[in-house]
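*Asks:* My structure is stored as start35.txt, with compact mmCIF, C-alpha atoms.
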# COMPACT_ATOMS: atom_id res chain seq x y z
CA MET A 45 37.24 89.03 72.74
CA THR A 46 35.45 86.86 70.24
CA ASP A 47 36.60 83.43 69.26
CA SER A 48 37.15 82.70 65.56
CA PRO A 49 34.72 80.24 64.09
CA SER A 50 36.16 76.82 63.36
CA SER A 51 36.30 75.36 59.88
CA ASP A 52 33.36 73.08 60.60
CA THR A 53 31.20 75.70 62.35
CA PRO A 54 28.99 78.03 60.30
CA GLY A 55 30.04 81.64 60.48
CA ASP A 56 29.82 84.95 58.72
CA GLY A 57 33.06 84.65 56.74
CA PRO A 58 33.70 82.53 53.63
CA PRO A 59 34.15 78.85 54.33
CA ALA A 60 37.66 77.56 54.45
CA PRO A 61 38.71 75.29 51.59
CA GLN A 62 38.09 71.65 52.33
CA PRO A 63 40.62 68.94 51.46
CA TRP A 64 39.77 66.99 48.32
CA PHE A 65 39.56 63.22 48.37
CA PRO A 66 39.31 61.17 45.19
CA PRO A 67 36.21 59.04 44.67
CA ALA A 68 36.58 55.44 45.65
CA ASP A 69 36.20 54.12 42.08
CA LEU A 70 38.88 56.39 40.59
CA GLY A 71 41.76 55.51 42.90
CA ALA A 72 43.86 57.67 45.18
CA ALA A 73 46.19 58.74 42.41
CA SER A 74 43.55 60.81 40.55
CA PRO A 75 44.19 64.56 40.69
CA PRO A 76 41.55 67.00 41.96
CA PRO A 77 39.17 68.33 39.30
CA PRO A 78 39.97 71.78 37.86
CA PRO A 79 37.86 74.68 39.14
CA PRO A 80 35.03 75.73 36.82
CA GLY A 81 36.21 78.04 34.05
CA SER A 82 39.90 77.26 34.43
CA ALA A 83 42.07 75.57 31.86
CA PRO A 84 43.86 72.32 32.62
CA PRO A 85 47.49 72.70 33.77
CA PRO A 86 50.06 72.73 30.96
CA PRO A 87 52.34 69.75 30.36
CA GLY A 88 55.11 69.43 32.91
CA GLN A 89 53.21 71.19 35.69
CA PRO A 90 51.79 69.47 38.77
CA GLY A 91 48.35 68.09 38.16
CA TYR A 92 48.81 67.55 34.42
CA THR A 93 47.76 64.12 33.21
CA GLN A 94 47.65 62.68 29.73
CA PRO A 95 45.36 59.67 29.37
CA GLY A 96 46.72 56.65 27.58
CA TYR A 97 44.86 54.84 24.78
CA GLY A 98 43.45 52.22 27.07
CA GLN A 99 42.54 54.45 30.04
CA PRO A 100 38.94 55.19 30.95
CA GLY A 101 37.22 57.93 29.03
CA HIS A 102 39.69 57.91 26.14
CA GLY A 103 38.11 58.46 22.77
CA GLN A 104 35.13 60.45 24.07
CA PRO A 105 34.62 64.06 22.94
CA GLY A 106 36.50 66.53 25.09
CA TYR A 107 38.55 63.94 26.94
CA GLY A 108 42.31 64.38 26.89
CA TYR A 109 42.33 67.56 24.81
CA PRO A 110 43.51 70.64 26.76
CA GLY A 111 40.91 73.36 26.62
CA ALA A 112 38.37 71.15 24.86
CA TRP A 113 35.74 71.79 27.56
CA GLN A 114 36.08 75.52 27.02
CA GLN A 115 35.83 75.28 23.20
CA GLY A 116 32.15 74.39 23.03
CA TYR A 117 32.51 70.61 22.81
CA GLY A 118 30.19 70.01 25.70
CA PRO A 119 30.60 69.06 29.36
CA PRO A 120 33.33 66.70 30.50
CA PRO A 121 32.41 63.10 29.69
CA PRO A 122 31.89 60.64 32.51
CA PRO A 123 34.69 58.19 33.18
CA GLY A 124 34.40 54.88 31.46
CA PRO A 125 35.75 52.99 28.45
CA GLY A 126 35.67 54.99 25.24
CA PRO A 127 34.13 53.73 22.00
CA ARG A 128 36.04 51.39 19.74
CA TYR A 129 37.70 52.93 16.72
CA GLY A 130 35.12 53.52 14.02
CA ASP A 131 32.08 52.44 16.02
CA SER A 132 30.68 55.96 15.72
CA ALA A 133 31.71 56.36 12.06
CA PRO A 134 28.68 57.23 9.92
CA LYS A 135 27.53 54.72 7.32
CA PRO A 136 25.32 56.57 4.86
CA GLY A 137 25.80 53.93 2.17
CA VAL A 138 27.36 50.52 1.64
CA ILE A 139 30.45 51.07 3.82
CA PRO A 140 31.28 53.01 7.00
CA LEU A 141 33.22 56.20 6.33
CA ARG A 142 36.54 55.12 7.85
CA PRO A 143 39.39 52.80 6.90
CA LEU A 144 37.91 49.46 5.91
CA GLY A 145 38.61 45.88 6.81
CA LEU A 146 38.60 42.91 4.43
CA GLY A 147 35.09 41.84 5.40
CA GLU A 148 33.75 45.37 4.95
CA ILE A 149 35.20 45.61 1.44
CA LEU A 150 33.62 42.31 0.42
CA ASP A 151 30.34 43.18 2.15
CA GLY A 152 30.31 46.57 0.43
CA SER A 153 30.75 44.87 -2.94
CA PHE A 154 27.76 42.58 -2.37
CA ALA A 155 25.73 45.42 -0.85
CA THR A 156 26.28 47.57 -3.94
CA ILE A 157 24.77 44.86 -6.12
CA ARG A 158 21.85 44.31 -3.73
CA ARG A 159 21.04 48.03 -3.44
CA ASN A 160 21.25 48.82 -7.15
CA PRO A 161 20.87 45.58 -9.14
CA LYS A 162 19.46 47.23 -12.25
CA ALA A 163 22.54 49.38 -12.79
CA THR A 164 25.24 46.92 -11.71
CA LEU A 165 23.87 43.71 -13.20
CA GLY A 166 22.46 45.49 -16.25
CA ILE A 167 25.82 46.99 -17.22
CA ALA A 168 27.57 43.68 -16.50
CA ALA A 169 25.08 41.77 -18.68
CA ILE A 170 25.68 44.05 -21.66
CA ILE A 171 29.47 43.87 -21.38
CA MET A 172 29.54 40.11 -20.76
CA THR A 173 27.27 39.49 -23.76
CA ILE A 174 29.61 41.38 -26.08
CA SER A 175 32.65 39.60 -24.64
CA ALA A 176 31.11 36.11 -24.81
CA VAL A 177 29.96 36.55 -28.40
CA ILE A 178 33.44 37.67 -29.51
CA THR A 179 35.34 34.87 -27.77
CA SER A 180 32.86 32.18 -28.83
CA SER A 181 32.97 33.31 -32.45
CA LEU A 182 36.77 33.19 -32.44
CA ALA A 183 36.82 29.74 -30.84
CA VAL A 184 34.30 28.29 -33.28
CA SER A 185 35.95 29.80 -36.36
CA LEU A 186 39.60 29.06 -35.49
CA VAL A 187 39.58 25.82 -33.50
CA SER A 188 38.49 22.72 -35.42
CA LEU A 189 37.82 19.54 -33.43
CA PRO A 190 37.55 16.00 -34.90
CA SER A 191 34.09 14.63 -35.29
CA PRO A 192 32.99 12.00 -32.73
CA GLY A 193 33.83 8.42 -33.61
CA GLN A 194 36.56 9.37 -36.11
CA ASN A 195 39.47 6.92 -36.04
CA LEU A 196 42.90 8.54 -36.28
CA SER A 197 46.33 7.04 -36.47
CA SER A 198 48.98 8.06 -33.96
CA GLN A 199 50.64 10.31 -36.55
CA GLN A 200 47.33 11.94 -37.49
CA ALA A 201 46.43 12.41 -33.81
CA ALA A 202 49.79 14.08 -33.08
CA HIS A 203 49.38 16.37 -36.09
CA LEU A 204 45.81 17.23 -35.11
CA LEU A 205 46.86 17.94 -31.52
CA GLY A 206 49.57 20.31 -32.71
CA GLN A 207 47.11 22.03 -35.04
CA ILE A 208 44.56 22.44 -32.25
CA PHE A 209 47.23 23.87 -29.98
CA ALA A 210 48.39 26.30 -32.68
CA ASP A 211 44.81 27.40 -33.29
CA ALA A 212 43.84 27.60 -29.63
CA LEU A 213 46.86 29.63 -28.54
CA PRO A 214 45.74 32.87 -30.31
CA VAL A 215 42.20 32.33 -29.05
CA LEU A 216 43.51 31.92 -25.52
CA GLY A 217 45.60 35.09 -25.78
CA VAL A 218 42.67 37.10 -27.14
CA THR A 219 40.39 35.68 -24.44
CA VAL A 220 42.79 36.66 -21.63
CA LEU A 221 43.30 40.14 -23.07
CA LEU A 222 39.56 40.59 -23.57
CA THR A 223 38.93 39.44 -20.00
CA ILE A 224 41.32 42.07 -18.65
CA ILE A 225 39.74 44.78 -20.81
CA VAL A 226 36.21 43.73 -19.83
CA GLN A 227 37.15 43.84 -16.15
CA ALA A 228 38.66 47.32 -16.53
CA VAL A 229 35.68 48.67 -18.49
CA LEU A 230 33.25 47.17 -16.00
CA ALA A 231 35.14 48.73 -13.07
CA GLY A 232 35.13 52.06 -14.91
CA LEU A 233 31.39 51.97 -15.50
CA LEU A 234 30.64 50.81 -11.96
CA ALA A 235 32.94 53.38 -10.33
CA PRO A 236 30.36 56.24 -10.43
CA ILE A 237 27.67 53.89 -9.10
CA ILE A 238 29.82 52.69 -6.20
CA ALA A 239 31.02 56.23 -5.44
CA ARG A 240 27.42 57.37 -5.09
CA GLU A 241 26.49 54.31 -3.04
CA VAL A 242 29.33 55.08 -0.61
CA SER A 243 27.63 58.42 0.10
CA GLY A 244 24.17 56.88 0.35
CA GLN A 245 23.02 58.08 -3.06
CA ARG A 246 21.87 56.11 -6.07
CA ILE A 247 22.19 56.65 -9.80
CA SER A 248 20.88 54.72 -12.77
CA ALA A 249 22.84 52.82 -15.38
CA GLY A 250 22.24 55.67 -17.84
CA ASP A 251 23.67 58.25 -15.46
CA ALA A 252 26.70 56.04 -14.81
CA TRP A 253 27.22 55.67 -18.57
CA ARG A 254 27.08 59.45 -19.07
CA VAL A 255 29.71 59.95 -16.37
CA ALA A 256 32.10 57.15 -17.35
CA ALA A 257 31.68 56.88 -21.15
CA PRO A 258 33.81 59.96 -21.99
CA ARG A 259 36.68 58.43 -19.97
CA LEU A 260 36.49 54.91 -21.39
CA PRO A 261 39.17 55.61 -24.07
CA ARG A 262 41.54 56.65 -21.28
CA VAL A 263 40.53 53.56 -19.29
CA LEU A 264 41.37 51.34 -22.27
CA LEU A 265 44.71 53.05 -22.86
CA ALA A 266 45.62 52.80 -19.18
CA THR A 267 44.64 49.12 -19.20
CA VAL A 268 46.91 48.46 -22.17
CA LEU A 269 49.76 50.16 -20.32
CA VAL A 270 49.13 48.01 -17.25
CA VAL A 271 49.11 44.85 -19.39
CA LEU A 272 52.39 45.87 -21.03
CA ALA A 273 53.91 46.59 -17.62
CA GLY A 274 52.78 43.21 -16.33
CA LEU A 275 54.00 41.29 -19.38
CA GLY A 276 57.16 43.37 -19.75
CA PRO A 277 59.43 41.13 -17.61
CA LEU A 278 58.26 37.98 -19.42
CA LEU A 279 58.70 39.60 -22.83
CA LEU A 280 62.19 40.76 -21.87
CA LEU A 281 63.11 37.23 -20.77
CA GLY A 282 61.81 35.81 -24.03
CA LEU A 283 63.81 38.36 -26.00
CA ILE A 284 67.01 37.43 -24.14
CA LEU A 285 66.44 33.72 -24.81
CA LEU A 286 65.71 34.43 -28.47
CA ILE A 287 68.95 36.36 -28.83
CA GLY A 288 70.82 33.46 -27.19
CA PHE A 289 69.20 31.01 -29.60
CA ALA A 290 70.16 33.14 -32.57
CA ALA A 291 73.73 33.33 -31.28
CA GLY A 292 73.92 29.53 -30.93
CA ALA A 293 74.31 29.46 -27.14
CA PRO A 294 74.60 25.99 -25.54
CA PRO A 295 71.60 24.52 -23.69
CA VAL A 296 73.21 25.09 -20.30
CA ILE A 297 72.93 28.84 -20.90
CA TYR A 298 69.19 28.53 -21.46
CA ALA A 299 68.82 26.59 -18.20
CA ALA A 300 70.97 29.06 -16.25
CA ILE A 301 69.04 32.07 -17.58
CA GLY A 302 65.59 30.71 -18.27
CA VAL A 303 64.70 28.91 -15.02
CA PRO A 304 65.60 31.63 -12.46
CA GLY A 305 64.69 34.35 -14.96
CA PHE A 306 61.19 32.92 -15.30
CA PHE A 307 60.52 33.07 -11.56
CA VAL A 308 61.93 36.60 -11.34
CA ALA A 309 59.80 37.69 -14.31
CA VAL A 310 56.65 36.22 -12.74
CA VAL A 311 57.32 38.02 -9.44
CA LEU A 312 57.91 41.31 -11.23
CA SER A 313 54.76 40.84 -13.31
CA ILE A 314 52.67 40.29 -10.18
CA TRP A 315 54.29 43.28 -8.49
CA PHE A 316 53.65 45.68 -11.39
CA SER A 317 50.10 44.44 -11.88
CA THR A 318 49.30 44.99 -8.20
CA MET A 319 50.91 48.41 -8.00
CA PHE A 320 48.87 49.55 -11.03
CA SER A 321 45.63 47.81 -9.98
CA LEU A 322 43.83 51.05 -8.99
CA VAL A 323 44.30 52.79 -12.33
CA THR A 324 40.69 52.49 -13.51
CA PRO A 325 38.96 54.28 -10.57
CA VAL A 326 41.67 56.93 -10.67
CA VAL A 327 40.95 57.64 -14.35
CA VAL A 328 37.17 57.73 -13.88
CA LEU A 329 36.74 59.43 -10.49
CA GLU A 330 39.79 61.73 -10.54
CA ARG A 331 39.77 62.32 -14.32
CA GLU A 332 43.48 61.68 -14.64
CA ARG A 333 45.33 60.90 -17.86
CA PRO A 334 46.61 57.31 -18.27
CA GLY A 335 50.25 58.09 -17.47
CA ALA A 336 49.37 60.17 -14.42
CA ALA A 337 46.88 57.49 -13.34
CA LEU A 338 49.63 54.86 -13.29
CA ALA A 339 51.80 57.07 -11.08
CA ARG A 340 48.80 57.86 -8.87
CA SER A 341 47.96 54.16 -8.40
CA TRP A 342 51.58 53.45 -7.54
CA ARG A 343 51.54 56.09 -4.78
CA LEU A 344 48.27 54.78 -3.32
CA VAL A 345 49.38 51.14 -3.22
CA ARG A 346 52.91 51.90 -2.02
CA ARG A 347 53.64 50.37 1.42
CA SER A 348 50.34 48.43 1.14
CA PHE A 349 51.34 45.92 -1.53
CA TRP A 350 50.62 42.72 0.40
CA ARG A 351 47.26 43.96 1.61
CA VAL A 352 46.10 45.02 -1.88
CA PHE A 353 47.50 41.86 -3.47
CA GLY A 354 45.85 39.60 -0.91
CA ILE A 355 42.42 41.23 -1.24
CA ILE A 356 42.52 41.19 -5.05
CA LEU A 357 43.66 37.56 -5.05
CA LEU A 358 40.92 36.54 -2.61
CA ALA A 359 38.26 38.37 -4.64
CA GLY A 360 39.53 36.67 -7.80
CA LEU A 361 39.29 33.24 -6.17
CA ILE A 362 35.76 33.94 -4.95
CA VAL A 363 34.69 35.06 -8.41
CA ALA A 364 36.36 32.06 -10.11
CA VAL A 365 34.75 29.50 -7.77
CA ALA A 366 31.32 31.15 -7.94
CA SER A 367 31.52 31.41 -11.74
CA ALA A 368 32.47 27.74 -12.08
CA ILE A 369 29.57 26.69 -9.86
CA LEU A 370 27.09 28.81 -11.82
CA GLN A 371 28.30 27.39 -15.12
CA LEU A 372 27.97 23.74 -14.06
CA PRO A 373 24.33 23.24 -15.15
CA PHE A 374 24.96 25.04 -18.45
CA SER A 375 28.04 22.90 -19.13
CA PHE A 376 26.00 19.76 -18.48
CA LEU A 377 23.26 20.88 -20.86
CA SER A 378 25.84 21.94 -23.46
CA THR A 379 27.40 18.47 -23.39
CA LEU A 380 23.95 16.88 -23.55
CA PHE A 381 23.11 18.83 -26.72
CA GLY A 382 26.28 18.01 -28.59
CA GLY A 383 28.94 20.14 -26.87
CA ALA A 384 30.46 23.41 -28.04
CA ARG A 385 31.08 22.22 -31.61
CA GLY A 386 30.25 24.69 -34.35
CA PHE A 387 27.19 26.89 -34.10
CA SER A 388 25.04 24.29 -32.37
CA ALA A 389 22.58 24.28 -29.51
CA GLY A 390 25.40 23.23 -27.20
CA THR A 391 27.41 26.31 -28.18
CA VAL A 392 24.47 28.61 -27.53
CA ILE A 393 23.87 27.06 -24.11
CA ALA A 394 27.57 27.39 -23.21
CA VAL A 395 27.55 31.06 -24.24
CA ILE A 396 24.42 31.71 -22.17
CA GLY A 397 26.10 30.08 -19.17
CA THR A 398 29.19 32.25 -19.60
CA ILE A 399 27.09 35.40 -19.80
CA ALA A 400 24.97 34.47 -16.76
CA ALA A 401 27.96 33.56 -14.59
CA GLY A 402 29.92 36.67 -15.60
CA THR A 403 26.93 38.95 -15.05
CA VAL A 404 26.57 37.79 -11.45
CA THR A 405 30.24 37.47 -10.46
CA ARG A 406 32.25 40.04 -12.41
CA PRO A 407 30.67 43.08 -10.65
CA ILE A 408 32.01 41.69 -7.36
CA SER A 409 35.66 41.90 -8.38
CA ALA A 410 35.08 45.27 -10.08
CA ALA A 411 33.47 46.63 -6.90
CA VAL A 412 36.37 45.29 -4.81
CA THR A 413 38.80 47.27 -6.98
CA VAL A 414 36.84 50.49 -6.54
CA LEU A 415 36.37 50.00 -2.78
CA LEU A 416 40.09 49.25 -2.39
CA TYR A 417 40.77 52.59 -4.05
CA VAL A 418 38.34 54.28 -1.64
CA ASP A 419 39.97 52.54 1.33
CA MET A 420 43.49 53.57 0.29
CA ARG A 421 42.41 57.19 -0.03
CA MET A 422 40.67 57.14 3.34
CA ARG A 423 43.80 55.71 4.97
CA LYS A 424 46.27 58.07 3.32
CA GLU A 425 44.36 61.25 2.43
CA GLY A 426 41.39 61.49 4.79
CA LEU A 427 38.81 60.96 2.06
CA ASP A 428 36.35 59.76 4.70
CA LEU A 429 36.22 63.27 6.21
CA ALA A 430 35.42 64.82 2.83
CA LEU A 431 32.74 62.19 2.21
CA ARG A 432 31.23 62.79 5.66
CA THR A 433 30.88 66.46 4.81
CA ALA A 434 29.40 65.67 1.41
CA ALA A 435 26.96 63.15 2.92
CA GLY A 436 25.89 65.65 5.58
CA ASP A 437 25.01 68.26 2.96
CA GLY A 438 22.49 65.98 1.28
CA PRO A 439 22.42 64.99 -2.42
CA LEU A 440 25.04 66.88 -4.41
CA ALA A 441 25.11 67.97 -8.01
CA ASP A 442 27.46 66.12 -10.35
CA SER A 443 30.05 68.90 -10.30
CA ASP A 444 30.06 69.16 -6.49
CA PHE A 445 30.23 65.39 -6.10
CA ALA A 446 33.13 65.16 -8.56
CA ALA A 447 34.96 67.89 -6.63
CA ALA A 448 34.65 65.86 -3.41
CA TRP A 449 36.61 63.02 -5.03
CA GLN A 450 39.47 65.16 -6.27
CA PRO A 451 42.75 64.35 -4.47
CA PRO A 452 44.65 67.01 -2.49
CA ARG A 453 47.14 68.76 -4.71
CA ALA A 454 50.69 69.74 -3.86
CA GLY A 455 50.70 72.21 -0.98
CA GLN A 456 47.03 71.56 -0.25
CA PRO A 457 46.27 70.08 3.19
CA ALA A 458 44.33 66.88 3.54
CA ALA A 459 40.61 66.95 4.14
CA ALA A 460 39.69 68.56 7.45
CA ALA A 461 36.92 67.62 9.80
CA PRO A 462 33.61 69.47 9.47
CA ALA A 463 33.34 72.78 11.33
CA GLY A 464 32.29 72.41 14.93
CA ALA A 465 33.25 68.75 15.18
CA PRO A 466 35.31 67.61 18.17
CA PRO A 467 38.93 66.72 17.57
CA PRO A 468 39.32 63.10 16.48
CA ALA A 469 40.51 60.70 19.13
CA PRO A 470 43.44 58.39 18.47
CA PRO A 471 42.47 54.74 18.12
CA THR A 472 42.40 52.63 21.22
CA ALA A 473 44.57 49.59 21.56
CA ALA A 474 41.53 47.35 21.21
CA GLY A 475 40.10 49.24 18.26
CA ALA A 476 43.01 50.20 16.03
CA PRO A 477 42.36 50.69 12.29
CA PRO A 478 41.95 47.27 10.73
CA PRO A 479 45.10 46.17 8.88
CA TRP A 480 42.93 44.29 6.39
When written as structure tokens, how does the structure in this file appear?

*Replies:*
Amino acid sequence: MTDSPSSDTPGDGPPAPQPWFPPADLGAASPPPPPPGSAPPPPGQPGYTQPGYGQPGHGQPGYGYPGAWQQGYGPPPPPGPGPRYGDSAPKPGVIPLRPLGLGEILDGSFATIRRNPKATLGIAAIIMTISAVITSSLAVSLVSLPSPGQNLSSQQAAHLLGQIFADALPVLGVTVLLTIIVQAVLAGLLAPIIAREVSGQRISAGDAWRVAAPRLPRVLLATVLVVLAGLGPLLLLGLILLIGFAAGAPPVIYAAIGVPGFFVAVVLSIWFSTMFSLVTPVVVLERERPGAALARSWRLVRRSFWRVFGIILLAGLIVAVASAILQLPFSFLSTLFGGARGFSAGTVIAVIGTIAAGTVTRPISAAVTVLLYVDMRMRKEGLDLALRTAAGDGPLADSDFAAAWQPPRAGQPAAAAPAGAPPPAPPTAAGAPPPW
């Protein structure tokens, strides 16, 4: 009679299964590892675990995805903290291909100018020169100022002040409208440049003109529609007050309607202007008609109003402060040479200062508008995945690059990850998509 070999004594038969003990650094609650070649247990069965966002190993390829190890994504990753959201996002150009933060949008705007100054600053210089010449000519021809040292009576001074105000009001309106149009045209011409820079490619000012010039009439029409939408509440309030004046309404009616109506009209004007702020890149990059571009911008900005409004406002303040600082020496020289009175040396110096300041600063706000559009599409439509695929294929022809920027149509799924890529990991608690 032969004794059976014990579990710890070598013998001829297969060894008995040994009890599994978790490693010391993983804790006693960790389940035993699955045998090689077997799938993880399904949800609800003993041994199934689902890692939370902050647990070790989350966010690494193959971790937390049932069957991921058997789908060719590589061996199981070692335990440890996963990468922060977006740390591994490729950055072929001026921005990382993922939802952007406020600093990344501003940095991308400056980086676009640094990487391609000939195209960005060259286009801005041409547009700002045309705009400055038009506004200066109107101001010189319409606004007449008294000559220095001229003595005027109080009645003559009041009459002259009213005349200057009446002459300056049309000039101010034309200047504001021209500023809005110049900003829209500049954003339209810079949109192809920035779109290429996002993918790590570069085009010249001539190539950008050939892409955007056929769509400039649509850009102008869409801009006029945006201006009308922004001024619509104020114009409606003015029409109501004019009707009340014609009907002989008492002053208390004007106060009851005009004061609260003015604040409501201003709020509505800001709201409409923000909701339609992405019209220009939509027209140029997606080749939409003006009416469809307004609806498209509304859908992109919806539920992100405060974020878009805050970034546009901040960019506008940065541009205004920088422009004022750049114009200081030119203003001093203009005053030294007689001021902006008639076609004098002071007027020429003031115009040069306006062109120089606008050339440097206006591309920043235009680039912010385009990058906001890119960010909204990456957040809502997965544009970053399509751009990753396009960037991985190398330089694309114009037709292929334009197709990469087309939005998903009705019934068409959003952009999918490239073939063979691991499934994307949800963001960790410490690295969620930036709200700004």

*Asks:* Please build the interface table for range 325-410 of chain A against range 421-430 of chain A with a cut-off of 10 Å, listing for each qualifying residue the nearest atom pair and the distance in Å to one decimal; count only C-alpha atoms, order rows by chain and increasing number, and write it as a tab-separated table.

*Replies:*
residue	atom	partner	partner_atom	distance
A:Arg343	CA	A:Lys424	CA	9.9
A:Leu344	CA	A:Arg421	CA	7.1
A:Val345	CA	A:Arg421	CA	9.8

*Asks:* Output C-alpha atoms for every residue in the selection just made, as a PDB file, keeping the file's coordinate frame.

*Replies:*
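Listing of result-v7.pdb after writing:
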ATOM      1  CA  ARG A 343      51.540  56.090  -4.780  1.00  0.00           C
ATOM      2  CA  LEU A 344      48.270  54.780  -3.320  1.00  0.00           C
ATOM      3  CA  VAL A 345      49.380  51.140  -3.220  1.00  0.00           C
TER       4      VAL A 345
END

*Asks:* Please provide the set of residues having any atom within 12 Å of Thr164 in chain A, restricted to only C-alpha atoms, with same-chain residues fewer than 5 positions apart removed, written as JSON, numbers by chain.

*Replies:* {"A": [153, 154, 155, 156, 157, 158, 159, 169, 170, 171, 230, 231, 232, 233, 234, 235, 236, 237, 238, 241, 246, 247, 248, 249, 250, 252, 253, 402, 403, 404, 405, 406, 407, 408, 410, 411]}

*Asks:* Given only C-alpha atoms as the basis, pick out the residue of A:Gly282, A:Pro452, A:Gly217, A:Gly335 nearest to Leu265 in chain A.

*Replies:* A:Gly335

*Asks:* For a quick check of understanding, using only C-alpha atoms, which of A:Val303, A:Leu260, A:Leu370, A:Leu361 has the smallest distance to Ile399 in chain A?

*Replies:* A:Leu370

*Asks:* Can you work out the spacing between CA of Lys135 in chain A and CA of Glu148 in chain A in Å, to one decimal?

*Replies:*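 Rounded to one decimal, the two atoms are 11.5 Å apart.
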
*Asks:* Calculate how many Å separate CA of Trp449 in chain A from CA of Gly147 in chain A, rounding to one decimal.

*Replies:*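 Calculated distance between CA of Trp449 in chain A and CA of Gly147 in chain A is 23.7 Å.
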
*Asks:* Using only C-alpha atoms, pick whichever of A:Val242, A:Ala368, A:Ala337, A:Ala256 has the shortest atom-to-atom distance to Arg142 in chain A.

*Replies:* A:Val242

*Asks:* Looking at A:Val327, A:Phe306, A:Val263, A:Val414, which one is nearest to Ile284 in chain A, with distances taken over only C-alpha atoms?

*Replies:*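 Between A:Val327, A:Phe306, A:Val263, A:Val414, the residue approaching Ile284 in chain A most closely is A:Phe306.
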
*Asks:* Which residue out of A:Ala309, A:Leu222, A:Leu431, A:Leu216 has the minimum interatomic distance to Ser175 in chain A when all atoms listed in the file are used?

*Replies:* A:Leu222

*Asks:* For Gln371 in chain A, which residue out of A:Ile167, A:Ala400, A:Ala176, A:Ile356 is the nearest one, using all atoms listed in the file?

*Replies:*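 Result for the nearest residue to Gln371 in chain A: A:Ala400.
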
*Asks:* Could you pull the residues within 10 Å of Asp151 in chain A, counting only C-alpha atoms, minus those fewer than 5 positions along the same chain, as a list in words?

*Replies:*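 Close residues of Asp151 in chain A: Val138, Ile139, Gly145, Leu146, Thr156, Ile408 and Val412 of chain A.
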
*Asks:* Have a look at CA of Ile149 in chain A and CA of Pro134 in chain A and let me know their distance in Å, one decimal.

*Replies:* 15.8 Å

*Asks:* Set the distance at 8 Å and use all atoms listed in the file: which residues neighbour range 310-325 of chain A once local chain neighbours fewer than 6 positions away are removed? I'd like the list as a PDB file with C-alpha atoms, keeping the file's coordinate frame.

*Replies:*
ATOM      1  CA  ALA A 228      38.660  47.320 -16.530  1.00  0.00           C
ATOM      2  CA  ALA A 231      35.140  48.730 -13.070  1.00  0.00           C
ATOM      3  CA  GLY A 232      35.130  52.060 -14.910  1.00  0.00           C
ATOM      4  CA  ALA A 235      32.940  53.380 -10.330  1.00  0.00           C
ATOM      5  CA  VAL A 263      40.530  53.560 -19.290  1.00  0.00           C
ATOM      6  CA  ALA A 266      45.620  52.800 -19.180  1.00  0.00           C
ATOM      7  CA  THR A 267      44.640  49.120 -19.200  1.00  0.00           C
ATOM      8  CA  VAL A 270      49.130  48.010 -17.250  1.00  0.00           C
ATOM      9  CA  VAL A 271      49.110  44.850 -19.390  1.00  0.00           C
ATOM     10  CA  ALA A 273      53.910  46.590 -17.620  1.00  0.00           C
ATOM     11  CA  GLY A 274      52.780  43.210 -16.330  1.00  0.00           C
ATOM     12  CA  LEU A 275      54.000  41.290 -19.380  1.00  0.00           C
ATOM     13  CA  GLY A 276      57.160  43.370 -19.750  1.00  0.00           C
ATOM     14  CA  PRO A 277      59.430  41.130 -17.610  1.00  0.00           C
ATOM     15  CA  LEU A 278      58.260  37.980 -19.420  1.00  0.00           C
ATOM     16  CA  PRO A 334      46.610  57.310 -18.270  1.00  0.00           C
ATOM     17  CA  ALA A 337      46.880  57.490 -13.340  1.00  0.00           C
ATOM     18  CA  LEU A 338      49.630  54.860 -13.290  1.00  0.00           C
ATOM     19  CA  ARG A 340      48.800  57.860  -8.870  1.00  0.00           C
ATOM     20  CA  SER A 341      47.960  54.160  -8.400  1.00  0.00           C
ATOM     21  CA  TRP A 342      51.580  53.450  -7.540  1.00  0.00           C
ATOM     22  CA  VAL A 345      49.380  51.140  -3.220  1.00  0.00           C
ATOM     23  CA  ARG A 346      52.910  51.900  -2.020  1.00  0.00           C
ATOM     24  CA  PHE A 349      51.340  45.920  -1.530  1.00  0.00           C
ATOM     25  CA  VAL A 352      46.100  45.020  -1.880  1.00  0.00           C
ATOM     26  CA  PHE A 353      47.500  41.860  -3.470  1.00  0.00           C
ATOM     27  CA  THR A 413      38.800  47.270  -6.980  1.00  0.00           C
ATOM     28  CA  VAL A 414      36.840  50.490  -6.540  1.00  0.00           C
ATOM     29  CA  LEU A 416      40.090  49.250  -2.390  1.00  0.00           C
ATOM     30  CA  TYR A 417      40.770  52.590  -4.050  1.00  0.00           C
TER      31      TYR A 417
END
